[in-house]
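Input: a single structure, listed below in structure tokens.
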Amino acid sequence: MFFDNAGVKLYYEKSGSGAPLLLLHGWGGRVDSFLPVTRDFSQARTVYVVDFPGHGNSPEPPAPWSVTEYMELIWAFIRRMDIAGCDVIAHSFGGRVALLLAAEHPEAVRRMVLTGCAGIKPPASGKKSLRTRCYKALRALADNALTRRLLGKRVEVWREALVQKFGSADYKALSPTMRPTFNRVIAQDLRGVLPRIKASTLLIWGTEDRDTPLWMGEVMEKEIPDAALVRLEGCGHFAYLEKYADFKAIAWKFLIG
């Protein structure tokens with residue numbers, strides 16, 4: 001099914017019955033990313049799971065978006081579905097959206113389970129800073145008017161070669177129109193909204209997560225007023241799938257009892 005908000009289409013699936021539970025996938029994911037969660041939690045809840053714009057069955061956003069636009073779309077979806085006060089399970093990028101949603105619209109969310117949640121910008125390492133400066137310098141050269149006159153359409157080939165050389169795996173996989181959105185998303189530091197979150201929040205983290213390291217979960221536990229952190233030993237960024245039985249038991253206890 002599709003939810004339409006001012007021409008922006010959001011694909012979603014609904015299953016089960018009971019109090020509403022909203023599932024928000026990570027960057028590059030889709031509704032299928034939560035298949036076991038949807039299957040099991042729909043036994044006790046009405047589960048809504050969405051494809052964010054630019055993912056799965058949802059078309060790309062009409063212009064470059066930040067976390068804010070994604071959040072406002074989910075807030076519009078919550079209102080249209082009449083599920084304000086729902087619980088949320090979110091992974092990675094979905095956690096960014098959930099954090100901002102809970103801070104800006106506290107009536108939207110009752111409880112949250114966030115796993116491998118993104119949203120805090122890490123300090124730049126010296127090596128990364130040098131790599132970033134090198135990329136930006138070469139990109140500026142490619143965008144130079146003289147370079148464009150000399151190379152014409154070959155400039156686009158150069159720009160794409162720079163992306164393949166310097167870009168992250170997530171960035172390389174994106175269409176050219178989604179790349180500005182990705183840049184805006186990762187540039188938005190949400191640490192400042194953490195103290196404003198009123199929803200009870202359970203953080204479930206893999207101790208070996210390299211994409212959103214454990215220290216990020218520890219910061220969130222400290223700065224979200226009502227938060228607790230559970231560590232899944234030996235798991236990476238997809239801890240909720242790597243030790244799904246443990247994840248299910250912990251999240252079920254927190255959300256359902």
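The chains in the structure tokens are called A, B, ... from first to last as shown; in each chain the residues are counted from 1, and the ligands are counted from 1 in the order shown.
Non-sequential neighbours of Leu101 (chain A) (distance at most 9 Å, separation of 3 or more positions within a chain, only C-alpha atoms) are Thr68, Met71, Glu72, Ile74, Trp75, Arg96, Val97, Ala98, Glu104, His105, Pro106, Ala108, Val109 and Ile197 of chain A.
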Could you list, as a PyMOL selection string, every residue within 6 Å of Leu202 (chain A), counting only C-alpha atoms and ignoring same-chain residues fewer than 2 positions away?
chain A and resi 113+227-228
Output N, CA and C atoms for every residue in that selection, as a CSV table (one decimal), in the first residue's frame.
chain,number,residue,atom,x,y,z
A,113,VAL,N,12.5,1.2,20.7
A,113,VAL,CA,13.7,0.3,20.7
A,113,VAL,C,14.6,0.7,19.6
A,227,ALA,N,16.5,6.2,29.4
A,227,ALA,CA,17.1,5.2,28.4
A,227,ALA,C,17.9,4.2,29.2
A,228,ALA,N,18.0,3.0,28.5
A,228,ALA,CA,18.8,1.9,29.0
A,228,ALA,C,19.5,1.3,27.8
Pick out the closest residue to Pro225 (chain A) from this set: A:Cys117, A:Ile204, A:Ala199, A:Leu35. Count only C-alpha atoms.
A:Ala199
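Non-sequential neighbours of Asn57 (chain A) (distance at most 12 Å, separation of 4 or more positions within a chain, only C-alpha atoms) are Met1, Phe2, Phe3, Lys9, Leu10, Tyr11, Tyr12, Glu13, Gly28, Gly29, Arg30, Val31, Asp32, Val50, Asp51, Phe52 and Pro53 of chain A.
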Counting only C-alpha atoms, what is within 12 Å of Arg110 (chain A), bar same-chain residues fewer than 6 positions away, as JSON, numbers by chain?
{"A": [19, 20, 21, 22, 83, 84, 85, 86, 87, 88, 89, 98, 101, 102, 103, 197, 198, 199, 200, 201, 202, 226, 254, 255]}
Using C-alpha atoms, can you export the residues from the last selection as a PDB file, in the first residue's frame?
ATOM      1  CA  ALA A  19      -1.651  -1.446  19.822  1.00  0.00           C
ATOM      2  CA  PRO A  20       0.373   0.115  16.959  1.00  0.00           C
ATOM      3  CA  LEU A  21       4.058  -0.642  16.424  1.00  0.00           C
ATOM      4  CA  LEU A  22       6.023   1.229  13.741  1.00  0.00           C
ATOM      5  CA  ILE A  83      -1.471   5.901  15.528  1.00  0.00           C
ATOM      6  CA  ALA A  84      -0.001   8.751  17.598  1.00  0.00           C
ATOM      7  CA  GLY A  85       1.469   7.304  20.774  1.00  0.00           C
ATOM      8  CA  CYS A  86       2.738   4.233  18.915  1.00  0.00           C
ATOM      9  CA  ASP A  87       5.823   2.263  19.849  1.00  0.00           C
ATOM     10  CA  VAL A  88       8.799   2.279  17.488  1.00  0.00           C
ATOM     11  CA  ILE A  89      11.511  -0.219  16.613  1.00  0.00           C
ATOM     12  CA  ALA A  98      12.955   8.144  15.469  1.00  0.00           C
ATOM     13  CA  LEU A 101      10.490  12.455  15.786  1.00  0.00           C
ATOM     14  CA  ALA A 102      10.449  11.785  19.540  1.00  0.00           C
ATOM     15  CA  ALA A 103      12.138  15.119  20.263  1.00  0.00           C
ATOM     16  CA  ILE A 197      13.281  12.966  24.207  1.00  0.00           C
ATOM     17  CA  LYS A 198      10.526  11.970  26.616  1.00  0.00           C
ATOM     18  CA  ALA A 199       9.805   8.476  25.287  1.00  0.00           C
ATOM     19  CA  SER A 200      11.188   5.551  27.264  1.00  0.00           C
ATOM     20  CA  THR A 201      14.042   4.269  25.111  1.00  0.00           C
ATOM     21  CA  LEU A 202      15.735   0.881  24.995  1.00  0.00           C
ATOM     22  CA  ASP A 226      14.772   7.657  30.241  1.00  0.00           C
ATOM     23  CA  PHE A 254      10.105  -3.920  27.028  1.00  0.00           C
ATOM     24  CA  LEU A 255       7.224  -3.235  24.647  1.00  0.00           C
TER      25      LEU A 255
END
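With only C-alpha atoms as the atoms that count, the minimum distance from Phe238 (chain A) to the choices A:Ile256, A:Val8, A:Leu23, A:Leu114 is reached by A:Leu114.
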Distance query Leu241 (chain A) at most 10 Å, only C-alpha atoms, self and fewer than 5 positions along chain excluded, as a VMD selection string:
chain A and resid 33 to 37 235 to 236 246 to 248
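Of note, CA of Val230 (chain A) and CA of Asp189 (chain A) are spaced 23.0 Å apart.
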Residue list (strand (DSSP E or B), DSSP) for region 33-111 of chain A, as a PyMOL selection string:
chain A and resi 46-51+86-91+109-111
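Using only C-alpha atoms for every distance, the candidate list A:His237, A:Lys222, A:Arg179, A:Lys14 yields A:Lys222 as the residue closest to Pro195 (chain A).
Checking A:Pro122, A:Gly116, A:Pro180, A:Gly16 one by one against Phe93 (chain A), counting only C-alpha atoms, you find the shortest gap at A:Gly116.
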